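What follows is the content of input18.txt (compact mmCIF, C-alpha atoms).
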# COMPACT_ATOMS: atom_id res chain seq x y z
CA MET A 1 14.61 25.51 -25.27
CA ARG A 2 17.85 24.82 -27.13
CA LEU A 3 19.03 21.34 -28.00
CA ARG A 4 22.59 20.56 -26.99
CA LEU A 5 25.45 18.62 -28.57
CA PHE A 6 24.53 15.18 -27.23
CA ASP A 7 20.86 15.65 -28.11
CA PHE A 8 21.87 15.82 -31.76
CA ALA A 9 24.25 12.88 -31.23
CA ALA A 10 21.43 10.82 -29.66
CA ILE A 11 19.05 11.63 -32.52
CA ALA A 12 21.77 10.79 -35.08
CA VAL A 13 22.49 7.43 -33.41
CA ALA A 14 18.78 6.59 -33.33
CA ALA A 15 18.28 7.61 -36.97
CA ALA A 16 21.29 5.49 -37.99
CA ALA A 17 19.80 2.50 -36.14
CA VAL A 18 16.49 2.96 -37.99
CA ALA A 19 18.31 3.24 -41.34
CA ALA A 20 20.41 0.11 -40.68
CA ALA A 21 17.33 -1.85 -39.60
CA SER A 22 15.47 -0.74 -42.73
CA VAL A 23 18.27 -1.90 -45.01
CA ALA A 24 18.34 -5.30 -43.25
CA ALA A 25 14.55 -5.70 -43.36
CA TYR A 26 13.68 -4.53 -46.83
CA ALA A 27 16.25 -6.33 -48.96
CA PRO A 28 14.50 -6.66 -52.33
CA GLY A 29 13.22 -10.10 -53.22
CA SER A 30 12.21 -11.30 -56.64
CA GLY A 31 9.60 -13.66 -57.94
CA GLU A 32 6.18 -14.35 -56.51
CA PRO A 33 5.69 -13.20 -52.93
CA ASN A 34 4.88 -15.76 -50.24
CA ALA A 35 2.87 -15.52 -47.07
CA ILE A 36 4.95 -16.99 -44.25
CA VAL A 37 3.11 -17.85 -41.06
CA SER A 38 5.09 -18.84 -37.98
CA GLY A 39 3.75 -20.11 -34.69
CA ASP A 40 4.79 -22.15 -31.69
CA GLU A 41 4.57 -25.40 -33.67
CA GLY A 42 6.30 -24.44 -36.88
CA GLN A 43 6.20 -22.40 -40.05
CA TRP A 44 3.89 -22.50 -43.06
CA ILE A 45 4.61 -20.97 -46.45
CA TYR A 46 1.87 -20.24 -49.00
CA PRO A 47 2.16 -18.45 -52.33
CA LEU A 48 0.25 -15.21 -51.89
CA SER A 49 -1.79 -16.08 -54.98
CA SER A 50 -3.23 -19.19 -53.29
CA ASP A 51 -6.36 -19.48 -51.17
CA ALA A 52 -5.93 -21.04 -47.76
CA GLU A 53 -7.17 -20.89 -44.20
CA LEU A 54 -4.83 -21.91 -41.43
CA SER A 55 -5.31 -22.57 -37.71
CA VAL A 56 -2.14 -21.79 -35.80
CA ALA A 57 -1.89 -23.03 -32.21
CA GLY A 58 -0.27 -20.74 -29.65
CA PRO A 59 -0.10 -20.49 -25.86
CA LEU A 60 -3.54 -18.81 -25.68
CA GLY A 61 -5.34 -20.94 -28.27
CA ILE A 62 -5.93 -20.92 -32.02
CA THR A 63 -5.16 -17.95 -34.27
CA LEU A 64 -6.99 -18.14 -37.60
CA VAL A 65 -5.01 -16.87 -40.62
CA GLN A 66 -6.43 -16.51 -44.12
CA VAL A 67 -4.61 -16.20 -47.45
CA SER A 68 -6.86 -14.97 -50.26
CA ASP A 69 -7.03 -12.37 -53.04
CA GLY A 70 -3.26 -11.88 -53.00
CA ALA A 71 -3.17 -10.86 -49.34
CA VAL A 72 -2.92 -12.45 -45.92
CA ARG A 73 -4.83 -11.48 -42.77
CA VAL A 74 -5.60 -12.65 -39.24
CA LEU A 75 -9.29 -13.51 -39.04
CA ASP A 76 -9.48 -14.42 -35.38
CA SER A 77 -7.20 -14.55 -32.36
CA PRO A 78 -7.65 -15.43 -28.68
CA CYS A 79 -5.47 -12.50 -27.49
CA SER A 80 -7.03 -9.71 -25.46
CA ASN A 81 -6.09 -6.66 -27.50
CA LYS A 82 -6.87 -8.01 -31.02
CA THR A 83 -4.28 -5.70 -32.58
CA CYS A 84 -3.39 -8.45 -35.04
CA ILE A 85 -6.97 -8.54 -36.36
CA ALA A 86 -7.18 -4.74 -36.45
CA ALA A 87 -3.98 -4.66 -38.55
CA GLY A 88 -6.04 -5.87 -41.52
CA SER A 89 -4.49 -7.57 -44.53
CA VAL A 90 -0.92 -7.28 -45.83
CA SER A 91 0.26 -8.02 -49.36
CA LYS A 92 3.63 -6.35 -50.02
CA PRO A 93 7.02 -7.94 -49.29
CA GLY A 94 8.30 -6.75 -45.91
CA GLN A 95 4.83 -6.20 -44.46
CA TRP A 96 3.88 -8.20 -41.37
CA ILE A 97 1.25 -8.83 -38.73
CA ALA A 98 2.20 -10.02 -35.25
CA CYS A 99 0.32 -11.46 -32.31
CA LEU A 100 2.83 -11.31 -29.49
CA PRO A 101 0.59 -12.86 -26.77
CA ASN A 102 -0.16 -15.93 -28.95
CA LYS A 103 3.32 -16.04 -30.55
CA VAL A 104 2.06 -15.86 -34.14
CA PHE A 105 3.91 -13.92 -36.80
CA VAL A 106 2.61 -13.45 -40.34
CA ARG A 107 4.80 -11.88 -42.98
CA VAL A 108 5.06 -11.42 -46.72
CA GLU A 109 8.42 -12.07 -48.32
CA GLY A 110 9.56 -12.00 -51.92
CA GLY A 111 9.97 -15.50 -53.34
CA THR A 112 13.02 -16.68 -55.20
CA SER A 113 13.03 -16.02 -58.91
CA ASP A 114 11.96 -18.91 -61.13
CA ASP A 115 13.54 -17.71 -64.34
CA GLY A 116 17.14 -17.73 -63.15
CA VAL A 117 19.61 -20.60 -63.49
CA ASP A 118 20.19 -22.50 -60.25
CA ALA A 119 23.34 -24.31 -61.35
CA ALA A 120 25.22 -25.18 -64.50
CA THR A 121 27.41 -28.20 -65.27
CA TYR A 122 29.64 -29.02 -68.22
CA MET B 1 -21.05 32.49 5.58
CA THR B 2 -18.58 35.08 6.77
CA ALA B 3 -16.66 32.43 8.67
CA SER B 4 -16.53 30.14 5.69
CA THR B 5 -15.20 32.88 3.39
CA ARG B 6 -12.60 33.79 5.97
CA ARG B 7 -11.34 30.26 6.53
CA PRO B 8 -9.54 29.75 3.20
CA THR B 9 -7.75 33.06 3.65
CA ASP B 10 -6.52 31.91 7.04
CA GLY B 11 -5.55 28.55 5.60
CA THR B 12 -3.58 30.14 2.80
CA ALA B 13 -1.74 32.40 5.18
CA GLY B 14 -0.93 29.40 7.36
CA ALA B 15 0.35 27.40 4.40
CA ALA B 16 2.48 30.30 3.21
CA GLY B 17 3.89 30.64 6.69
CA SER B 18 4.80 26.98 6.92
CA ALA B 19 6.26 27.08 3.40
CA ARG B 20 8.53 29.90 4.51
CA ALA B 21 9.54 27.89 7.57
CA GLY B 22 10.17 24.93 5.27
CA SER B 23 12.36 27.07 3.05
CA ALA B 24 14.42 28.19 6.03
CA ARG B 25 14.92 24.58 7.16
CA ALA B 26 15.76 23.53 3.61
CA GLY B 27 18.32 26.30 3.28
CA SER B 28 20.15 25.17 6.38
CA ALA B 29 19.97 21.42 5.73
CA ARG B 30 20.45 21.38 1.98
CA ALA B 31 22.39 18.49 0.50
CA GLY B 32 21.64 18.82 -3.21
CA TYR B 33 17.90 18.97 -2.62
CA SER B 34 15.47 19.79 0.12
CA ARG B 35 13.68 17.13 2.16
CA ALA B 36 11.48 19.82 3.68
CA GLY B 37 10.52 21.07 0.23
CA ARG B 38 9.80 17.78 -1.58
CA GLY B 39 9.36 14.99 0.94
CA SER B 40 11.44 11.83 1.22
CA ASP B 41 12.75 9.71 -1.64
CA ALA B 42 10.13 7.10 -0.75
CA ASP B 43 7.33 9.68 -0.97
CA LEU B 44 8.59 10.93 -4.30
CA THR B 45 8.95 7.38 -5.67
CA ALA B 46 5.38 6.65 -4.59
CA LEU B 47 4.09 9.82 -6.27
CA LEU B 48 5.97 9.19 -9.52
CA GLY B 49 4.95 5.50 -9.39
CA ALA B 50 1.32 6.57 -9.15
CA PHE B 51 1.84 8.74 -12.23
CA CYS B 52 3.28 5.66 -14.00
CA PHE B 53 0.07 3.72 -13.18
CA PHE B 54 -2.12 6.60 -14.37
CA LEU B 55 -0.16 7.13 -17.60
CA SER B 56 -0.15 3.35 -18.25
CA ALA B 57 -3.96 3.47 -18.14
CA ILE B 58 -3.99 6.39 -20.59
CA GLU B 59 -1.52 4.52 -22.82
CA TYR B 60 -3.77 1.43 -22.75
CA MET B 61 -6.72 3.52 -23.95
CA VAL B 62 -4.92 4.72 -27.08
CA PRO B 63 -5.68 2.47 -30.06
CA LYS B 64 -2.64 0.82 -31.63
CA PRO B 65 -2.63 0.50 -35.40
CA LEU B 66 0.35 -1.87 -35.25
CA PRO B 67 1.47 -4.39 -32.67
CA PHE B 68 4.40 -3.16 -30.57
CA MET B 69 3.38 0.43 -31.25
CA ARG B 70 3.50 2.28 -27.98
CA LEU B 71 3.58 5.96 -27.10
CA GLY B 72 5.76 5.33 -24.07
CA ILE B 73 4.10 8.08 -22.04
CA ALA B 74 4.31 5.92 -18.91
CA ASN B 75 8.08 6.47 -19.10
CA LEU B 76 7.67 10.20 -18.44
CA PRO B 77 7.93 9.89 -14.62
CA ILE B 78 11.10 7.79 -15.05
CA LEU B 79 12.56 10.39 -17.41
CA LEU B 80 11.83 13.15 -14.90
CA ALA B 81 13.25 11.04 -12.05
CA THR B 82 16.69 10.78 -13.70
CA GLY B 83 17.49 14.20 -12.31
CA ILE B 84 16.05 13.55 -8.87
CA LEU B 85 16.02 10.04 -7.38
CA PRO B 86 19.07 8.13 -6.12
CA LEU B 87 19.78 4.82 -7.91
CA PRO B 88 17.97 2.37 -5.55
CA TRP B 89 14.74 4.40 -5.56
CA PHE B 90 15.09 5.03 -9.27
CA LEU B 91 15.16 1.25 -9.88
CA VAL B 92 12.18 0.79 -7.56
CA LEU B 93 10.28 3.36 -9.64
CA ALA B 94 11.14 1.50 -12.86
CA LEU B 95 9.87 -1.77 -11.30
CA VAL B 96 6.67 -0.05 -10.16
CA LYS B 97 6.13 1.11 -13.75
CA VAL B 98 6.60 -2.44 -15.08
CA VAL B 99 4.14 -3.88 -12.56
CA GLY B 100 1.63 -1.06 -13.16
CA MET B 101 1.75 -1.35 -16.92
CA SER B 102 1.54 -5.16 -16.84
CA LEU B 103 -1.37 -5.09 -14.37
CA ILE B 104 -3.33 -2.65 -16.49
CA SER B 105 -2.66 -4.43 -19.77
CA GLY B 106 -3.35 -7.83 -18.17
CA SER B 107 0.04 -9.28 -19.09
CA LEU B 108 1.60 -9.47 -15.60
CA PHE B 109 1.53 -13.28 -15.42
CA SER B 110 2.34 -13.94 -19.08
CA TYR B 111 5.69 -14.07 -20.83
CA VAL B 112 4.91 -10.67 -22.40
CA ALA B 113 5.80 -9.11 -19.02
CA ILE B 114 9.44 -10.10 -19.71
CA PHE B 115 9.41 -7.67 -22.65
CA SER B 116 8.07 -4.89 -20.47
CA LEU B 117 10.60 -5.62 -17.73
CA ALA B 118 13.59 -5.77 -20.09
CA GLY B 119 12.50 -2.71 -22.07
CA THR B 120 11.74 -0.53 -19.07
CA MET B 121 14.87 -1.45 -17.09
CA THR B 122 17.06 -0.89 -20.16
CA ALA B 123 15.46 2.48 -20.86
CA ALA B 124 15.77 3.53 -17.21
CA LEU B 125 19.46 2.60 -16.95
CA VAL B 126 20.37 4.10 -20.34
CA MET B 127 18.58 7.35 -19.49
CA LEU B 128 20.28 7.54 -16.10
CA ALA B 129 23.70 6.79 -17.64
CA ALA B 130 23.19 9.42 -20.37
CA ARG B 131 22.15 12.04 -17.81
CA LYS B 132 25.17 11.27 -15.62
CA ALA B 133 27.70 10.94 -18.47
CA PHE B 134 26.72 14.02 -20.48
CA GLY B 135 25.41 16.31 -17.71
CA ALA B 136 24.56 19.76 -19.06
CA ARG B 137 25.54 18.77 -22.61
CA ILE B 138 22.30 16.83 -23.05
CA THR B 139 18.63 17.70 -22.41
CA ALA B 140 15.64 15.47 -21.72
CA VAL B 141 15.21 15.18 -25.51
CA GLY B 142 18.47 13.29 -26.06
CA VAL B 143 18.04 11.30 -22.85
CA SER B 144 14.53 10.25 -23.86
CA VAL B 145 15.50 9.31 -27.44
CA LEU B 146 18.39 7.13 -26.20
CA GLY B 147 16.14 5.44 -23.63
CA ALA B 148 13.33 4.75 -26.11
CA VAL B 149 15.57 3.37 -28.86
CA ALA B 150 17.61 1.24 -26.41
CA SER B 151 14.41 -0.14 -24.91
CA ASN B 152 12.99 -1.03 -28.32
CA ALA B 153 16.29 -2.55 -29.49
CA VAL B 154 16.37 -4.85 -26.45
CA GLN B 155 12.75 -5.88 -27.05
CA ILE B 156 13.50 -6.69 -30.70
CA ALA B 157 16.46 -8.82 -29.57
CA LEU B 158 14.16 -10.60 -27.09
CA ALA B 159 11.50 -11.10 -29.77
CA LYS B 160 14.19 -12.64 -31.99
CA ALA B 161 15.46 -14.94 -29.24
CA LEU B 162 12.13 -15.99 -27.71
CA VAL B 163 9.40 -15.77 -30.31
CA PHE B 164 9.84 -14.70 -33.92
CA GLY B 165 13.39 -15.77 -34.77
CA ASP B 166 14.92 -14.11 -37.81
CA ALA B 167 11.57 -12.58 -38.82
CA ALA B 168 12.03 -10.07 -35.98
CA ARG B 169 14.20 -8.05 -38.39
CA LEU B 170 11.00 -7.02 -40.19
CA VAL B 171 9.66 -5.50 -36.99
CA ALA B 172 12.85 -3.55 -36.26
CA PRO B 173 12.51 -0.51 -38.62
CA VAL B 174 8.98 0.40 -37.51
CA PHE B 175 9.69 -0.29 -33.86
CA LEU B 176 12.97 1.68 -33.77
CA GLY B 177 11.40 4.48 -35.82
CA MET B 178 8.53 4.68 -33.34
CA GLY B 179 11.07 4.83 -30.51
CA LEU B 180 12.81 7.77 -32.17
CA ALA B 181 9.55 9.66 -32.78
CA THR B 182 7.92 9.04 -29.40
CA GLY B 183 11.22 9.53 -27.54
CA LEU B 184 11.62 12.90 -29.22
CA LEU B 185 8.09 14.04 -28.38
CA LEU B 186 8.28 12.79 -24.81
CA GLY B 187 11.65 14.52 -24.33
CA LEU B 188 10.29 17.83 -25.68
CA PHE B 189 7.32 17.57 -23.32
CA ALA B 190 9.59 16.74 -20.36
CA GLU B 191 11.82 19.75 -21.12
CA ARG B 192 8.84 22.10 -21.22
CA PHE B 193 7.41 20.54 -18.07
CA ALA B 194 10.73 20.83 -16.22
CA ALA B 195 11.06 24.48 -17.26
CA ALA B 196 7.54 25.40 -16.14
CA SER B 197 6.96 23.24 -13.05
CA ARG B 198 7.66 24.71 -9.62
CA TRP B 199 7.28 21.23 -8.13
CA TYR B 200 10.09 19.93 -10.35
CA ALA B 201 12.28 22.90 -9.47
CA VAL B 202 11.87 22.09 -5.76
CA ALA B 203 12.44 18.37 -6.34
CA THR B 204 15.68 18.99 -8.23
CA GLY B 205 16.86 21.53 -5.65
CA LYS B 206 16.77 24.49 -8.05
CA SER B 207 14.16 26.20 -5.89
CA ASP B 208 13.07 26.07 -2.26
CA GLY B 209 9.42 26.09 -3.32

Reformat the file's structure so that it appears as structure tokens.
Amino acid sequence: MRLRLFDFAAIAVAAAAVAAASVAAYAPGSGEPNAIVSGDEGQWIYPLSSDAELSVAGPLGITLVQVSDGAVRVLDSPCSNKTCIAAGSVSKPGQWIACLPNKVFVRVEGGTSDDGVDAATY
Amino acid sequence: MTASTRRPTDGTAGAAGSARAGSARAGSARAGYSRAGRGSDADLTALLGAFCFFLSAIEYMVPKPLPFMRLGIANLPILLATGILPLPWFLVLALVKVVGMSLISGSLFSYVAIFSLAGTMTAALVMLAARKAFGARITAVGVSVLGAVASNAVQIALAKALVFGDAARLVAPVFLGMGLATGLLLGLFAERFAAASRWYAVATGKSDG
């Protein structure tokens, strides 16, 4: 089998889309990373260094999210496939866990730097 | 015993005879492909739809290390159908795949089915358009890659609009990358299948069977 001209074009377009998406997703952050948990009812932000357990309500029920030991994980979820639990814990900026059926999204993002100057006046 | 060993031989001869008769009819009534050789569009849609159901079940059995990660093997019948079925039946097949996949994964009556519907219909239309627009200058590999990436891009856009908001951008690299990889593999398989399958040759009108 030999690939043809538009096979290479299709692969190039797809690779370019992946590259563009990667640049948009993995913009470097600075400072302490945060665990950001979003659900149907809002968004919660915890420093990754904190210890917390959070019940997030979704259309199927409660998803239990835990922040501890510098990582965040889904402990329990009412969805049928449990992929979010199987994903384990995430700790690096850009990493995420999603529960599509219960509309819960957990991600780690770099915090803003504390040692910079926010504004200066004279 | 003798009778039973003779029967298959007779049956085979009969089948060969009717196949030859079918070929003769197909030769005289050919309009791109042979009805005598491959059955009606409805029959073919039903057969490919059944394959979609079966492959959806196989897909469901494969463990997923990440949410959204899908092999997309249930799209194989749709990919093969781009060279065979007319548009209305092609769209029916895509809908059958959506219903089959949603039934098997248990998401038919949840909002997750919208993702399946949007992704599958986008992939089907993009694959059909690529096949028609580029003809012999593209193989199933390019068609499949375009379909997979378009499908995943639409699902990311939906995830952004309906569920995850701006955070959907974090999902995009993995999801699009998976589309590229699985689209490539599925396209390579489809090319090999199309080259080796006598059934496909009959269905596309390249052989009388």

So that I can see what lies close to segment 76-86 of chain B, please list as a PyMOL selection string the residues with an atom at most 8 Å from it, counting only C-alpha atoms and leaving out residues fewer than 3 positions away in the same chain.
chain B and resi 41+45+48-49+51-52+72-73+89-90+93-94+124+127-128+131+140+143-144+186+190+194+203-204

Tell me the residues of chain B close to chain A, meaning within 7 Å using only C-alpha atoms, as a PyMOL selection string.
chain B and resi 64-67+112+137-139+141-142+145-146+149+163-164+169-170+172-173+176-177+180

Keeping only C-alpha atoms, write those residues as a PDB file, in the frame of the given file.
ATOM      1  CA  LYS B  64      -2.640   0.820 -31.630  1.00  0.00           C
ATOM      2  CA  PRO B  65      -2.630   0.500 -35.400  1.00  0.00           C
ATOM      3  CA  LEU B  66       0.350  -1.870 -35.250  1.00  0.00           C
ATOM      4  CA  PRO B  67       1.470  -4.390 -32.670  1.00  0.00           C
ATOM      5  CA  VAL B 112       4.910 -10.670 -22.400  1.00  0.00           C
ATOM      6  CA  ARG B 137      25.540  18.770 -22.610  1.00  0.00           C
ATOM      7  CA  ILE B 138      22.300  16.830 -23.050  1.00  0.00           C
ATOM      8  CA  THR B 139      18.630  17.700 -22.410  1.00  0.00           C
ATOM      9  CA  VAL B 141      15.210  15.180 -25.510  1.00  0.00           C
ATOM     10  CA  GLY B 142      18.470  13.290 -26.060  1.00  0.00           C
ATOM     11  CA  VAL B 145      15.500   9.310 -27.440  1.00  0.00           C
ATOM     12  CA  LEU B 146      18.390   7.130 -26.200  1.00  0.00           C
ATOM     13  CA  VAL B 149      15.570   3.370 -28.860  1.00  0.00           C
ATOM     14  CA  VAL B 163       9.400 -15.770 -30.310  1.00  0.00           C
ATOM     15  CA  PHE B 164       9.840 -14.700 -33.920  1.00  0.00           C
ATOM     16  CA  ARG B 169      14.200  -8.050 -38.390  1.00  0.00           C
ATOM     17  CA  LEU B 170      11.000  -7.020 -40.190  1.00  0.00           C
ATOM     18  CA  ALA B 172      12.850  -3.550 -36.260  1.00  0.00           C
ATOM     19  CA  PRO B 173      12.510  -0.510 -38.620  1.00  0.00           C
ATOM     20  CA  LEU B 176      12.970   1.680 -33.770  1.00  0.00           C
ATOM     21  CA  GLY B 177      11.400   4.480 -35.820  1.00  0.00           C
ATOM     22  CA  LEU B 180      12.810   7.770 -32.170  1.00  0.00           C
TER      23      LEU B 180
END

Find the residues near Ala50 of chain B: any atom within 10 Å, counting all atoms listed in the file, skip ones fewer than 3 places away on the same chain, and give them as a compact mmCIF listing (two decimals) with C-alpha atoms, keeping the file's coordinate frame.
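This went into result.txt:
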# COMPACT_ATOMS: atom_id res chain seq x y z
CA LEU B 44 8.59 10.93 -4.30
CA THR B 45 8.95 7.38 -5.67
CA ALA B 46 5.38 6.65 -4.59
CA LEU B 47 4.09 9.82 -6.27
CA PHE B 53 0.07 3.72 -13.18
CA PHE B 54 -2.12 6.60 -14.37
CA LEU B 55 -0.16 7.13 -17.60
CA SER B 56 -0.15 3.35 -18.25
CA PRO B 77 7.93 9.89 -14.62
CA LEU B 93 10.28 3.36 -9.64
CA VAL B 96 6.67 -0.05 -10.16
CA LYS B 97 6.13 1.11 -13.75
CA GLY B 100 1.63 -1.06 -13.16

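Across A:Ala57, A:Ile62, A:Ala27, A:Val90, the tightest approach to Ser77 of chain A is made by A:Ile62 when counting all atoms listed in the file.
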
Nearest-residue call for Ala71 of chain A, choices A:Asn34, A:Ser91, A:Ser49, A:Gln43, using only C-alpha atoms:
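So, comparing all the options, the nearest one is A:Ser91.
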
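One finds atom CA of Met178 of chain B at 28.6 Å from atom CA of Val56 of chain A.
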
Atom pair atom CA of Val98 of chain B + atom CA of Thr120 of chain B, distance 6.8 Å

Would you compute the distance between atom CA of Gly58 of chain A and atom CA of Tyr111 of chain B? Give it in Å to one decimal.
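Between atom CA of Gly58 of chain A and atom CA of Tyr111 of chain B the gap works out to 12.6 Å.
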